[in-house]
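Structure data follow from start_3.pdb (PDB, C-alpha atoms (C1' of nucleotides)):
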```pdb
ATOM      1  CA  MET A1262      -7.118  17.230  11.660  1.00  0.00           C
ATOM      2  CA  SER A1263      -5.995  17.784   8.098  1.00  0.00           C
ATOM      3  CA  ASP A1264      -8.294  18.774   5.263  1.00  0.00           C
ATOM      4  CA  PHE A1265      -7.435  15.438   3.776  1.00  0.00           C
ATOM      5  CA  PHE A1266      -9.210  13.622   6.550  1.00  0.00           C
ATOM      6  CA  ASN A1267     -12.160  15.957   6.308  1.00  0.00           C
ATOM      7  CA  ASP A1268     -12.523  15.243   2.597  1.00  0.00           C
ATOM      8  CA  ILE A1269     -12.207  11.525   3.186  1.00  0.00           C
ATOM      9  CA  TYR A1270     -14.953  11.602   5.803  1.00  0.00           C
ATOM     10  CA  ASP A1271     -17.127  13.655   3.483  1.00  0.00           C
ATOM     11  CA  VAL A1272     -16.774  11.121   0.675  1.00  0.00           C
ATOM     12  CA  VAL A1273     -17.426   8.170   2.967  1.00  0.00           C
ATOM     13  CA  LEU A1274     -20.563   9.879   4.242  1.00  0.00           C
ATOM     14  CA  LEU A1275     -21.721  10.172   0.624  1.00  0.00           C
ATOM     15  CA  ILE A1276     -21.552   6.423   0.091  1.00  0.00           C
ATOM     16  CA  PRO A1277     -25.142   5.243  -0.441  1.00  0.00           C
ATOM     17  CA  SER A1278     -26.498   2.335   1.571  1.00  0.00           C
ATOM     18  CA  GLY A1279     -25.810  -1.039   0.007  1.00  0.00           C
ATOM     19  CA  LYS A1280     -22.751   0.321  -1.738  1.00  0.00           C
ATOM     20  CA  VAL A1281     -19.062   0.084  -0.941  1.00  0.00           C
ATOM     21  CA  THR A1282     -15.882   1.732  -2.129  1.00  0.00           C
ATOM     22  CA  SER A1283     -12.171   1.234  -1.872  1.00  0.00           C
ATOM     23  CA  TYR A1284      -9.446   3.280  -0.242  1.00  0.00           C
ATOM     24  CA  GLY A1285      -7.842   3.869  -3.617  1.00  0.00           C
ATOM     25  CA  ALA A1286     -11.120   5.112  -5.101  1.00  0.00           C
ATOM     26  CA  ILE A1287     -11.454   7.717  -2.372  1.00  0.00           C
ATOM     27  CA  ALA A1288      -7.816   8.706  -2.687  1.00  0.00           C
ATOM     28  CA  ASN A1289      -8.244   8.965  -6.439  1.00  0.00           C
ATOM     29  CA  TYR A1290     -11.340  11.113  -5.975  1.00  0.00           C
ATOM     30  CA  LEU A1291      -9.380  13.434  -3.739  1.00  0.00           C
ATOM     31  CA  GLY A1292      -6.689  13.583  -6.387  1.00  0.00           C
ATOM     32  CA  THR A1293      -4.061  11.783  -4.357  1.00  0.00           C
ATOM     33  CA  LYS A1294      -3.981   8.360  -5.905  1.00  0.00           C
ATOM     34  CA  GLY A1295      -1.008   7.139  -3.923  1.00  0.00           C
ATOM     35  CA  SER A1296      -2.490   8.279  -0.654  1.00  0.00           C
ATOM     36  CA  ALA A1297      -4.722   5.283  -0.172  1.00  0.00           C
ATOM     37  CA  ARG A1298      -2.918   4.588   3.084  1.00  0.00           C
ATOM     38  CA  ILE A1299      -3.973   7.981   4.386  1.00  0.00           C
ATOM     39  CA  VAL A1300      -7.568   6.922   3.826  1.00  0.00           C
ATOM     40  CA  GLY A1301      -6.913   3.943   6.040  1.00  0.00           C
ATOM     41  CA  TRP A1302      -5.430   6.238   8.633  1.00  0.00           C
ATOM     42  CA  ALA A1303      -8.446   8.490   8.403  1.00  0.00           C
ATOM     43  CA  MET A1304     -10.684   5.522   9.104  1.00  0.00           C
ATOM     44  CA  ASN A1305      -8.518   4.653  12.050  1.00  0.00           C
ATOM     45  CA  GLN A1306      -8.769   8.200  13.334  1.00  0.00           C
ATOM     46  CA  VAL A1307     -12.500   8.463  12.648  1.00  0.00           C
ATOM     47  CA  PRO A1308     -14.374   9.651  15.769  1.00  0.00           C
ATOM     48  CA  LYS A1309     -16.582   6.962  17.278  1.00  0.00           C
ATOM     49  CA  ASN A1310     -19.408   9.435  17.805  1.00  0.00           C
ATOM     50  CA  SER A1311     -19.419  10.195  14.066  1.00  0.00           C
ATOM     51  CA  ASN A1312     -21.926   8.588  11.714  1.00  0.00           C
ATOM     52  CA  ILE A1313     -19.249   7.666   9.206  1.00  0.00           C
ATOM     53  CA  PRO A1314     -20.040   4.276   7.603  1.00  0.00           C
ATOM     54  CA  ALA A1315     -16.449   3.084   7.646  1.00  0.00           C
ATOM     55  CA  HIS A1316     -17.753  -0.452   7.130  1.00  0.00           C
ATOM     56  CA  ARG A1317     -18.484   0.509   3.512  1.00  0.00           C
ATOM     57  CA  VAL A1318     -14.812   1.173   2.898  1.00  0.00           C
ATOM     58  CA  VAL A1319     -12.744  -1.859   1.935  1.00  0.00           C
ATOM     59  CA  ASN A1320      -9.518  -2.512   0.079  1.00  0.00           C
ATOM     60  CA  ARG A1321      -9.296  -2.980  -3.677  1.00  0.00           C
ATOM     61  CA  ASN A1322      -9.885  -6.726  -3.334  1.00  0.00           C
ATOM     62  CA  GLY A1323     -13.214  -6.054  -1.650  1.00  0.00           C
ATOM     63  CA  CYS A1324     -11.931  -7.707   1.484  1.00  0.00           C
ATOM     64  CA  LEU A1325     -12.827  -6.396   4.939  1.00  0.00           C
ATOM     65  CA  THR A1326      -9.212  -5.772   5.844  1.00  0.00           C
ATOM     66  CA  GLY A1327     -10.158  -3.207   8.472  1.00  0.00           C
ATOM     67  CA  ARG A1328     -12.705  -5.369  10.232  1.00  0.00           C
ATOM     68  CA  HIS A1329     -10.354  -5.734  13.194  1.00  0.00           C
ATOM     69  CA  HIS A1330     -10.776  -2.056  13.937  1.00  0.00           C
ATOM     70  CA  PHE A1331     -14.495  -2.477  14.492  1.00  0.00           C
ATOM     71  CA  ASN A1332     -16.224  -3.312  17.700  1.00  0.00           C
ATOM     72  CA  PRO A1333     -16.839  -6.128  17.429  1.00  0.00           C
ATOM     73  CA  PRO A1334     -14.916  -6.932  14.210  1.00  0.00           C
ATOM     74  CA  GLU A1335     -17.769  -9.117  12.972  1.00  0.00           C
ATOM     75  CA  LYS A1336     -20.043  -6.054  13.090  1.00  0.00           C
ATOM     76  CA  MET A1337     -18.534  -4.770   9.839  1.00  0.00           C
ATOM     77  CA  GLN A1338     -19.580  -7.834   7.846  1.00  0.00           C
ATOM     78  CA  GLN A1339     -22.925  -7.870   9.616  1.00  0.00           C
ATOM     79  CA  LEU A1340     -23.629  -4.264   8.646  1.00  0.00           C
ATOM     80  CA  LEU A1341     -22.673  -4.894   5.023  1.00  0.00           C
ATOM     81  CA  GLU A1342     -24.845  -8.009   4.837  1.00  0.00           C
ATOM     82  CA  ASN A1343     -27.656  -6.015   6.380  1.00  0.00           C
ATOM     83  CA  GLU A1344     -27.369  -3.630   3.433  1.00  0.00           C
ATOM     84  CA  GLY A1345     -27.707  -6.469   0.961  1.00  0.00           C
ATOM     85  CA  ILE A1346     -24.014  -7.018   0.342  1.00  0.00           C
ATOM     86  CA  LYS A1347     -22.916 -10.625   0.145  1.00  0.00           C
ATOM     87  CA  ILE A1348     -19.870 -11.379   2.237  1.00  0.00           C
ATOM     88  CA  SER A1349     -17.837 -14.549   1.944  1.00  0.00           C
ATOM     89  CA  ASN A1350     -14.734 -15.231   3.984  1.00  0.00           C
ATOM     90  CA  HIS A1351     -14.612 -11.566   5.023  1.00  0.00           C
ATOM     91  CA  CYS A1352     -14.583 -10.628   1.327  1.00  0.00           C
ATOM     92  CA  ILE A1353     -17.369  -9.062  -0.728  1.00  0.00           C
ATOM     93  CA  GLU A1354     -18.738 -11.542  -3.258  1.00  0.00           C
ATOM     94  CA  ASN A1355     -20.520  -9.043  -5.491  1.00  0.00           C
ATOM     95  CA  PHE A1356     -17.917  -6.388  -4.822  1.00  0.00           C
ATOM     96  CA  LYS A1357     -17.854  -5.300  -8.446  1.00  0.00           C
ATOM     97  CA  THR A1358     -21.637  -5.068  -8.403  1.00  0.00           C
ATOM     98  CA  CYS A1359     -22.020  -2.941  -5.307  1.00  0.00           C
ATOM     99  CA  PHE A1360     -18.829  -1.009  -5.859  1.00  0.00           C
ATOM    100  CA  TRP A1361     -19.355   2.747  -5.582  1.00  0.00           C
ATOM    101  CA  ASP A1362     -16.680   4.925  -7.155  1.00  0.00           C
ATOM    102  CA  PRO A1363     -16.961   8.563  -5.939  1.00  0.00           C
ATOM    103  CA  SER A1364     -14.952   9.871  -8.902  1.00  0.00           C
ATOM    104  CA  ILE A1365     -17.668   8.412 -11.160  1.00  0.00           C
ATOM    105  CA  GLU A1366     -20.862   8.571  -9.097  1.00  0.00           C
ATOM    106  CA  LEU A1367     -20.134  12.148  -8.086  1.00  0.00           C
ATOM    107  CA  ASN A1368     -19.284  12.880 -11.719  1.00  0.00           C
ATOM    108  CA  LEU A1369     -16.169  14.811 -10.827  1.00  0.00           C
TER     109      LEU A1369
ATOM    110  C1'  DA B 385      14.249  16.400  12.926  1.00  0.00           C
ATOM    111  C1'  DC B 386      14.281  11.402  11.798  1.00  0.00           C
ATOM    112  C1'  DG B 387      12.778   6.735  11.333  1.00  0.00           C
ATOM    113  C1'  DT B 388       8.920   3.588  11.659  1.00  0.00           C
ATOM    114  C1'  DT B 389       4.323   2.183  10.916  1.00  0.00           C
ATOM    115  C1'  DG B 390      -0.306   2.008   8.933  1.00  0.00           C
ATOM    116  C1'  DA B 391      -7.614  -0.348   7.626  1.00  0.00           C
ATOM    117  C1'  DC B 392      -3.469   0.696   0.513  1.00  0.00           C
ATOM    118  C1'  DT B 393      -2.228   0.152  -4.536  1.00  0.00           C
ATOM    119  C1'  DG B 394       0.233  -1.211  -8.608  1.00  0.00           C
ATOM    120  C1'  DG B 395       3.784  -3.423 -10.669  1.00  0.00           C
ATOM    121  C1'  DT B 396       7.531  -6.752 -10.978  1.00  0.00           C
ATOM    122  C1'  DC B 397       9.772 -11.258  -9.898  1.00  0.00           C
TER     123       DC B 397
ATOM    124  C1'  DT C1331      -0.032 -17.752  -7.448  1.00  0.00           C
ATOM    125  C1'  DG C1332       2.227 -15.783  -3.903  1.00  0.00           C
ATOM    126  C1'  DA C1333       5.881 -12.618  -2.230  1.00  0.00           C
ATOM    127  C1'  DC C1334       8.437  -8.380  -2.465  1.00  0.00           C
ATOM    128  C1'  DC C1335       9.452  -3.366  -3.657  1.00  0.00           C
ATOM    129  C1'  DA C1336       8.396   1.357  -4.387  1.00  0.00           C
ATOM    130  C1'  DG C1337       5.281   5.309  -3.861  1.00  0.00           C
ATOM    131  C1'  DC C1338       2.359   8.079  -1.474  1.00  0.00           C
ATOM    132  C1'  DC C1339       0.926  11.094   3.131  1.00  0.00           C
ATOM    133  C1'  DA C1340       0.135  11.581   8.015  1.00  0.00           C
ATOM    134  C1'  DA C1341       0.714  10.348  12.871  1.00  0.00           C
ATOM    135  C1'  DC C1342       3.715   8.719  16.628  1.00  0.00           C
ATOM    136  C1'  DG C1343       7.960   7.770  19.587  1.00  0.00           C
TER     137       DG C1343
END
```

As structure tokens, how would this structure be written, given the file I've shared?
Amino acid sequence: MSDFFNDIYDVVLLIPSGKVTSYGAIANYLGTKGSARIVGWAMNQVPKNSNIPAHRVVNRNGCLTGRHHFNPPEKMQQLLENEGIKISNHCIENFKTCFWDPSIELNL
DNA sequence: ACGTTGACTGGTC
DNA sequence: TGACCAGCCAACG
């Protein structure tokens, strides 16, 4: 487990309920802008027993691209809707509204 | 050690 | 508007 993953998990855990962020935002917060793919890998490698809200992490379009990695996949959208986030066609409607940028919110 | 893939992003065509 | 390329890092065969 690289420190990178640890940092990613830490940031994801800091995402407040009802908010979402993007892979690029996390990567940017960690200082590795081009490493957005690593964030996706981290989500894929996230332990099931962990309380990491991976459902709050979406791509830059606000689409639930990683929903297929959930169990069941529809659970991701369900969780987001449960937090007050509007989902349409597996994409966040008010993505810009509920977007949570760690590099800004954490005032880094 | 090397090549491929992956829940990405930004830019160009 | 949709498709493709390059960049980035880590894991896997």

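Those residues returned by the PyMOL selection byres ((chain A) within 12 of (chain C)) for this file are Met1262, Ser1263, Asp1264, Phe1265, Phe1266, Gly1285, Ala1288, Asn1289, Gly1292, Thr1293, Lys1294, Gly1295, Ser1296, Ala1297, Arg1298, Ile1299, Val1300, Gly1301, Trp1302, Ala1303, Asn1305 and Gln1306 of chain A.
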
Mind running chain B against chain A at 10 Å and telling me each contacting residue's nearest atom pair with the distance in Å (one decimal), counting all atoms listed in the file, chain and number ascending, as JSON lines?
```
{"residue": "B:DG390", "atom": "C1'", "partner": "A:Trp1302", "partner_atom": "CA", "distance": 6.7}
{"residue": "B:DA391", "atom": "C1'", "partner": "A:Gly1327", "partner_atom": "CA", "distance": 3.9}
{"residue": "B:DC392", "atom": "C1'", "partner": "A:Arg1298", "partner_atom": "CA", "distance": 4.7}
{"residue": "B:DT393", "atom": "C1'", "partner": "A:Gly1285", "partner_atom": "CA", "distance": 6.8}
{"residue": "B:DG394", "atom": "C1'", "partner": "A:Gly1295", "partner_atom": "CA", "distance": 9.7}
```

Take the residues from that selection and put them in a file with C-alpha atoms (C1' of nucleotides), as a compact mmCIF listing (two decimals), in the coordinates of the input.
```
# COMPACT_ATOMS: atom_id res chain seq x y z
C1' DG B 390 -0.31 2.01 8.93
C1' DA B 391 -7.61 -0.35 7.63
C1' DC B 392 -3.47 0.70 0.51
C1' DT B 393 -2.23 0.15 -4.54
C1' DG B 394 0.23 -1.21 -8.61
```

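Across the model, the gap from CA of Asn1332 (chain A) to CA of Lys1309 (chain A) is 10.3 Å.
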
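Using only C-alpha atoms, the shortest contact distance between Glu1335 (chain A) and any of A:Gly1323, A:Ile1269, A:Val1307, A:Ile1348 is found at A:Ile1348.
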
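CA of Pro1314 (chain A) sits 10.5 Å away from CA of Lys1280 (chain A).
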
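If you look at CA of Leu1341 (chain A) and CA of Lys1357 (chain A), they are 14.3 Å away from each other.
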
Put the listed atoms of region 1342-1358 of chain A in a box along x, y and z with 6 Å added on every side and give me the centre and edge lengths in Å to one decimal, as JSON.
```
{"center_x": -21.1, "center_y": -9.4, "center_z": -1.0, "size_x": 25.1, "size_y": 23.6, "size_z": 26.8}
```

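Here the PyMOL selection byres ((chain A and resi 1358) around 12) captures the residues Gly1279, Lys1280, Val1281, Thr1282, Gly1323, Gly1345, Ile1346, Lys1347, Ile1353, Glu1354, Asn1355, Phe1356, Lys1357, Cys1359, Phe1360, Trp1361 and Asp1362 of chain A.
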
Once all heavy atoms are restored for region 1304-1315 of chain A, what would the output be as a compact mmCIF listing (two decimals), in the coordinates of the input?
```
# COMPACT_ATOMS: atom_id res chain seq x y z
N MET A 1304 -9.69 6.44 8.54
CA MET A 1304 -10.68 5.52 9.10
C MET A 1304 -10.31 5.15 10.52
O MET A 1304 -11.14 4.99 11.39
CB MET A 1304 -10.77 4.28 8.24
CG MET A 1304 -11.27 4.52 6.83
SD MET A 1304 -12.94 5.14 6.71
CE MET A 1304 -12.61 6.90 6.57
N ASN A 1305 -9.00 5.01 10.73
CA ASN A 1305 -8.52 4.65 12.05
C ASN A 1305 -8.72 5.81 13.02
O ASN A 1305 -8.97 5.60 14.20
CB ASN A 1305 -7.03 4.29 11.96
CG ASN A 1305 -6.54 3.68 13.25
OD1 ASN A 1305 -7.35 3.27 14.07
ND2 ASN A 1305 -5.26 3.61 13.41
N GLN A 1306 -8.65 7.02 12.50
CA GLN A 1306 -8.77 8.20 13.33
C GLN A 1306 -10.20 8.71 13.37
O GLN A 1306 -10.48 9.73 13.99
CB GLN A 1306 -7.86 9.30 12.80
CG GLN A 1306 -6.39 8.95 12.90
CD GLN A 1306 -5.96 8.76 14.34
OE1 GLN A 1306 -6.14 9.64 15.16
NE2 GLN A 1306 -5.41 7.61 14.65
N VAL A 1307 -11.12 8.02 12.69
CA VAL A 1307 -12.50 8.46 12.65
C VAL A 1307 -13.11 8.45 14.06
O VAL A 1307 -12.97 7.48 14.78
CB VAL A 1307 -13.33 7.59 11.69
CG1 VAL A 1307 -13.53 6.19 12.23
CG2 VAL A 1307 -14.67 8.23 11.41
N PRO A 1308 -13.74 9.56 14.45
CA PRO A 1308 -14.37 9.65 15.77
C PRO A 1308 -15.49 8.62 15.92
O PRO A 1308 -16.25 8.40 14.99
CB PRO A 1308 -14.96 11.08 15.79
CG PRO A 1308 -14.20 11.81 14.73
CD PRO A 1308 -13.85 10.80 13.70
N LYS A 1309 -15.56 7.99 17.06
CA LYS A 1309 -16.58 6.96 17.28
C LYS A 1309 -17.98 7.56 17.26
O LYS A 1309 -18.94 6.92 16.85
CB LYS A 1309 -16.33 6.29 18.62
CG LYS A 1309 -15.02 5.51 18.63
CD LYS A 1309 -14.83 4.88 20.00
CE LYS A 1309 -13.50 4.10 19.99
NZ LYS A 1309 -13.26 3.48 21.30
N ASN A 1310 -18.09 8.80 17.73
CA ASN A 1310 -19.41 9.44 17.80
C ASN A 1310 -19.89 9.89 16.43
O ASN A 1310 -21.02 10.34 16.29
CB ASN A 1310 -19.37 10.62 18.77
CG ASN A 1310 -18.28 11.60 18.37
OD1 ASN A 1310 -17.18 11.19 18.01
ND2 ASN A 1310 -18.58 12.87 18.41
N SER A 1311 -19.03 9.78 15.40
CA SER A 1311 -19.42 10.20 14.07
C SER A 1311 -20.27 9.12 13.40
O SER A 1311 -20.22 7.96 13.77
CB SER A 1311 -18.17 10.46 13.22
OG SER A 1311 -17.47 9.25 13.04
N ASN A 1312 -21.05 9.54 12.41
CA ASN A 1312 -21.93 8.59 11.71
C ASN A 1312 -21.27 8.11 10.42
O ASN A 1312 -21.94 7.83 9.44
CB ASN A 1312 -23.27 9.25 11.42
CG ASN A 1312 -23.10 10.53 10.61
OD1 ASN A 1312 -22.05 11.17 10.67
ND2 ASN A 1312 -24.10 10.87 9.84
N ILE A 1313 -19.98 8.06 10.40
CA ILE A 1313 -19.25 7.67 9.21
C ILE A 1313 -19.32 6.15 9.00
O ILE A 1313 -18.85 5.40 9.84
CB ILE A 1313 -17.78 8.12 9.30
CG1 ILE A 1313 -17.72 9.65 9.45
CG2 ILE A 1313 -17.01 7.65 8.06
CD1 ILE A 1313 -16.30 10.16 9.61
N PRO A 1314 -19.92 5.72 7.89
CA PRO A 1314 -20.04 4.28 7.60
C PRO A 1314 -18.72 3.68 7.14
O PRO A 1314 -18.57 3.34 5.97
CB PRO A 1314 -21.10 4.24 6.49
CG PRO A 1314 -20.95 5.56 5.78
CD PRO A 1314 -20.48 6.55 6.82
N ALA A 1315 -17.78 3.58 8.02
CA ALA A 1315 -16.45 3.08 7.65
C ALA A 1315 -16.51 1.64 7.18
O ALA A 1315 -15.61 1.16 6.50
CB ALA A 1315 -15.51 3.20 8.85
```
